[in-house]
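Asks: Mind having a look at this structure? Questions to follow.
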Amino acid sequence: MTQSDLPRPDERGPEAAETALAFESAAVAYDRAAERGDMLQILAPDARVLRPELLPAPDIQLHLYRQMRRARHFDERGWVLYRQGRLGVFPPFGGMEASQCGTAAALTKDDWLFPTYRDTGAALTLGLPIARTLAYWRTSPHGWHMPENLKVLPFYIPIATQYPQAVGAALAEKLRGTKNVAMAFIGDGGSSEGDFHEALNFAGALNAPCVFVLQNNGWAISVPTRSQTRAENLSLRALGYGLPGVRVDGNDALATWHVTNEAVERARRGEGPTLIETVTYRVKPHTVADDPSRYRTEADTAGWSERDPVVRLQTHLLREGLLTEESDAALQAEIAAEFEAALQEADGYPDPTPAEILDHVFAEPTPQLRRQRAELLEEA
Ligand SMILES: Cc1ncc(C[n+]2csc(CCOP(=O)(O)OP(=O)(O)O)c2C)c(N)n1
Ligand SMILES: [Mg+2]
């Protein structure tokens, strides 16, 4: 069934109600988690400080704000560039910056990051250059290589394969006797795949220094979290594998950083892996090519602008005097200039040639790849 075959949300019959299991919408689940206190929050959606004893140091708070602003800027410019035909497919992540930047900011450049297609914000936070990231979403080979000083894997498109691979990287670090960790991202949909469960078990059994981030953004393309699993609290899955499972407000960057920093420190001390569920929402379409009005109503998306992670931290920093209107404007201007310089760099990369698609698949090309390459070159 393709997306266009789906009934519009208002055309669904009574059977749709029967499939609604644990909660009515992601917003209801989020508010309930906040009320019950089974999701760590340091800042409330209106930026009130709920847990003053957990506030990170001011320089960390400012770092998180800067990274979220860089990510938000990329996301917004990404849309425009796509519309101008200057970017290929692009999975937007606007609204999920705290979930991505707050977690990735707990790593250093010696650690591994295994991002999905959704996690541009996490990769930028750890230092993936903007120009290469743009090249990746232009499907240019210039986006396929990671800088030498960075252990960020290319954005994974196949769902969940990155999880067991991250365990392998973490175990390699352990065997070498380093303190480095591997962080892997997955979505709510991906957490229903076998690879997710195998990775958690494998990491637990071998005490791998892994941090598993599960971004529960309410949707796996057109399938809401509530109907792809009966479970409401996905962090509890960790218990089945003997790991700590933590649930955190995925729109509160101070909270995502806090829990991730603790998990990273635990892994560095040799105390093994942690699963972190960030409760957030995919405000934007699945990709720039998706039309969410085919499968969700405005009622489902209502209320998420009041929970915006960037505005939440901005309000807090302004209140605390860590940011002023002027320093904020200067920061945003600096970020915009950084992006435009990177865009210029990416525009300067030569266009890929068709045969390049086969390069770098294996260190030594197989006979089949050599044959296909020759055929492509003949056609070109
Ligand atoms: C192994 C595999 N199966 C199916 C797909 C098709 N697919 C692409 S995105 C997606 C939904 C993933 O949802 P989720 O894990 O919640 O991540 P999100 O898009 O919300 O970030 C699916 C099923 C795929 N890319 N790989
Ligand atoms: Mg999802």
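Just so we're on the same page: first chain in the structure tokens is A, next is B, and so on; residues restart at 1 for each chain, and ligands are numbered from 1 in the order they show up.
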Within 12 Å of region 148-150 of chain A, counting only C-alpha atoms, which residues qualify if same-chain residues fewer than 4 places away don't, as a ChimeraX atom specification?

Replies: /A:107-114,123-129,154

Asks: Could the residues that lie within 10 Å of ligand 2, counting only C-alpha atoms and all ligand atoms, be listed as a PyMOL selection string?

Replies: chain A and resi 118+186-191+214-225+280-282+286

Asks: From the list A:Gln372, A:Asn251, A:Asn261, A:Thr103, which residue is nearest Asp308 (chain A) when using only C-alpha atoms?

Replies: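 Among the listed residues, the smallest separation from Asp308 (chain A) belongs to A:Asn251.
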
Asks: Nearest residue to ligand 1 out of A:Glu378, A:Glu76, A:Glu193, A:Asp359, using only C-alpha atoms and all ligand atoms?

Replies: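 Among the listed residues, the smallest separation from ligand 1 belongs to A:Glu193.
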
Asks: Just the number, please: distance in Å from CA of Ala122 (chain A) to CA of Ala105 (chain A), one decimal.

Replies: 7.9 Å

Asks: Which residue, A:Cys210, A:Ala71, A:Ala160, A:Val152, has the smallest gap to Gly95 (chain A) when you use only C-alpha atoms?

Replies: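 Closest to Gly95 (chain A), using only C-alpha atoms: A:Ala71.
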
Asks: For ligand 1, which residue among A:Pro92, A:Pro45, A:Gly272, A:Gly143 is the nearest when counting only C-alpha atoms and all ligand atoms?

Replies: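 Looking only at the distances to ligand 1, the closest residue turns out to be A:Pro92.
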
Asks: For each of A:Glu356, A:Glu338, A:Glu306, A:Glu277, take the minimum atom-to-atom distance to Glu232 (chain A), counting only C-alpha atoms, then give the residue where this is smallest.

Replies: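 Looking at the shortest contact to Glu232 (chain A), the residue is A:Glu277.
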
Asks: Which parts of region 39-283 of chain A does DSSP call helix (DSSP H, G or I) when run on the backbone here, written out as a count of residues only?

Replies: 112

Asks: Write out as JSON, numbers by chain each polymer residue whose atoms come within 12 Å of Glu379 (chain A), counting only C-alpha atoms; drop sequence neighbours fewer than 6 positions from it.

Replies: {"A": [353, 354, 355, 372, 373]}

Asks: Please produce a file of those selected residues containing N, CA and C atoms, as a PDB file, in the first residue's frame.

Replies:
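Just written: out.pdb:
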ATOM      1  N   THR A 353      30.251  11.926 -10.974  1.00  0.00           N
ATOM      2  CA  THR A 353      30.082  11.213 -12.247  1.00  0.00           C
ATOM      3  C   THR A 353      29.351   9.907 -11.943  1.00  0.00           C
ATOM      4  N   PRO A 354      28.573   9.385 -12.913  1.00  0.00           N
ATOM      5  CA  PRO A 354      27.741   8.196 -12.620  1.00  0.00           C
ATOM      6  C   PRO A 354      28.544   7.030 -12.043  1.00  0.00           C
ATOM      7  N   ALA A 355      29.756   6.787 -12.556  1.00  0.00           N
ATOM      8  CA  ALA A 355      30.509   5.600 -12.110  1.00  0.00           C
ATOM      9  C   ALA A 355      30.949   5.715 -10.651  1.00  0.00           C
ATOM     10  N   GLN A 372      30.210  -3.672 -13.811  1.00  0.00           N
ATOM     11  CA  GLN A 372      29.150  -2.639 -13.822  1.00  0.00           C
ATOM     12  C   GLN A 372      29.735  -1.256 -14.100  1.00  0.00           C
ATOM     13  N   ARG A 373      30.911  -1.034 -13.562  1.00  0.00           N
ATOM     14  CA  ARG A 373      31.574   0.267 -13.762  1.00  0.00           C
ATOM     15  C   ARG A 373      31.853   0.479 -15.252  1.00  0.00           C
TER      16      ARG A 373
END
